[in-house]
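Comments concern the structure below.
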Amino acid sequence: MFDQLFYKTVLSYKAQAKKQKHKKLMSLATNYITVLQLSILLVVSIVLIKATNSTFLLYSSIYEQVFYIILAGIVLYLFNALYYNGKRMLQIKNRAIKENTKGTEVWKLWSIPIVIIALGFILLKAA
């Protein structure tokens, strides 16, 4: 799933009026996948914390929670930068060419993590 979204992101940014270099495209796609995975991680962690009645969400330890989110973001970004590089990118590209994958509008792609984060805040306020 993330492989398809990664290549759709590359195609979407490539199809824009302002042409960008390959290195910039890869960086934008890596940032997108990292934000998407971080938003999914946020929702899953909120659900688990609410289900276990944990005290992790106390407002007195907000700095600790921000630190964990930043640390998870850095780890995910490094993982994605290494994972979607070189040979793996060629495999994704070849599979997408066989399936005739087309790009999507950029605002539609970025609306996915925004909706997921909004869902996380709704779950945080509920119960």
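Ordering of the structure tokens sets the chain letters (A, B, ...); residue numbers start at 1 within each chain; ligands are numbered from 1 in the order shown.
Using only C-alpha atoms, the protein and nucleic acid residues lying no more than 8 Å from Thr30 in chain A, apart from those fewer than 5 places from it along its own chain, are Phe6, Tyr77, Asn80, Ala81 and Tyr84 of chain A.
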Any chance you could export the current selection's N, CA and C atoms as an mmCIF file, in the first residue's frame?
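Result saved to out.cif:
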data_model
loop_
_atom_site.group_PDB
_atom_site.id
_atom_site.type_symbol
_atom_site.label_atom_id
_atom_site.label_comp_id
_atom_site.auth_asym_id
_atom_site.auth_seq_id
_atom_site.Cartn_x
_atom_site.Cartn_y
_atom_site.Cartn_z
ATOM 1 N N PHE A 6 3.619 5.856 -2.551
ATOM 2 C CA PHE A 6 4.898 6.520 -2.792
ATOM 3 C C PHE A 6 5.050 6.864 -4.276
ATOM 4 N N TYR A 77 11.395 8.578 9.031
ATOM 5 C CA TYR A 77 11.971 9.257 7.871
ATOM 6 C C TYR A 77 13.240 8.545 7.401
ATOM 7 N N ASN A 80 12.265 5.238 5.735
ATOM 8 C CA ASN A 80 11.683 5.439 4.409
ATOM 9 C C ASN A 80 12.726 5.912 3.399
ATOM 10 N N ALA A 81 13.641 6.759 3.829
ATOM 11 C CA ALA A 81 14.688 7.238 2.923
ATOM 12 C C ALA A 81 15.584 6.088 2.466
ATOM 13 N N TYR A 84 13.029 3.348 0.254
ATOM 14 C CA TYR A 84 12.618 3.756 -1.084
ATOM 15 C C TYR A 84 13.788 4.378 -1.834
#
Handout entry: Shell around range 113-120 of chain A at 7 Å using only C-alpha atoms, local window under 2 positions removed, as JSON, numbers by chain
Key = {"A": [35, 36, 39, 40, 42, 43, 46, 110, 111, 122, 123, 124]}
Handout entry: Spatial neighbours of Leu28 in chain A, max dist 10 Å, only C-alpha atoms, sep filter under 4 positions, as a VMD selection string
Key = chain A and resid 6 9 to 10 13 22 to 24 32 to 34
Problem - DSSP-assigned alpha helix (DSSP H) among range 8-118 of chain A, expressed as number ranges by chain - result: A: 8-14, 22-52, 62-83, 87-98, 106-118
Practice task
Could you tell me which of A:Met1, A:Leu41, A:Leu25, A:Leu90 comes closest to Leu76 in chain A if we count only C-alpha atoms?
Solution key: A:Leu41
Handout entry: Between CA of Thr104 in chain A and CA of Lys8 in chain A, distance in Å (one decimal)
Key = 6.4 Å
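Take the candidates A:Ser12, A:Asn100, A:Gln4, A:Gln37 and check each one against Ile112 in chain A using only C-alpha atoms; the shortest distance goes to A:Gln37.
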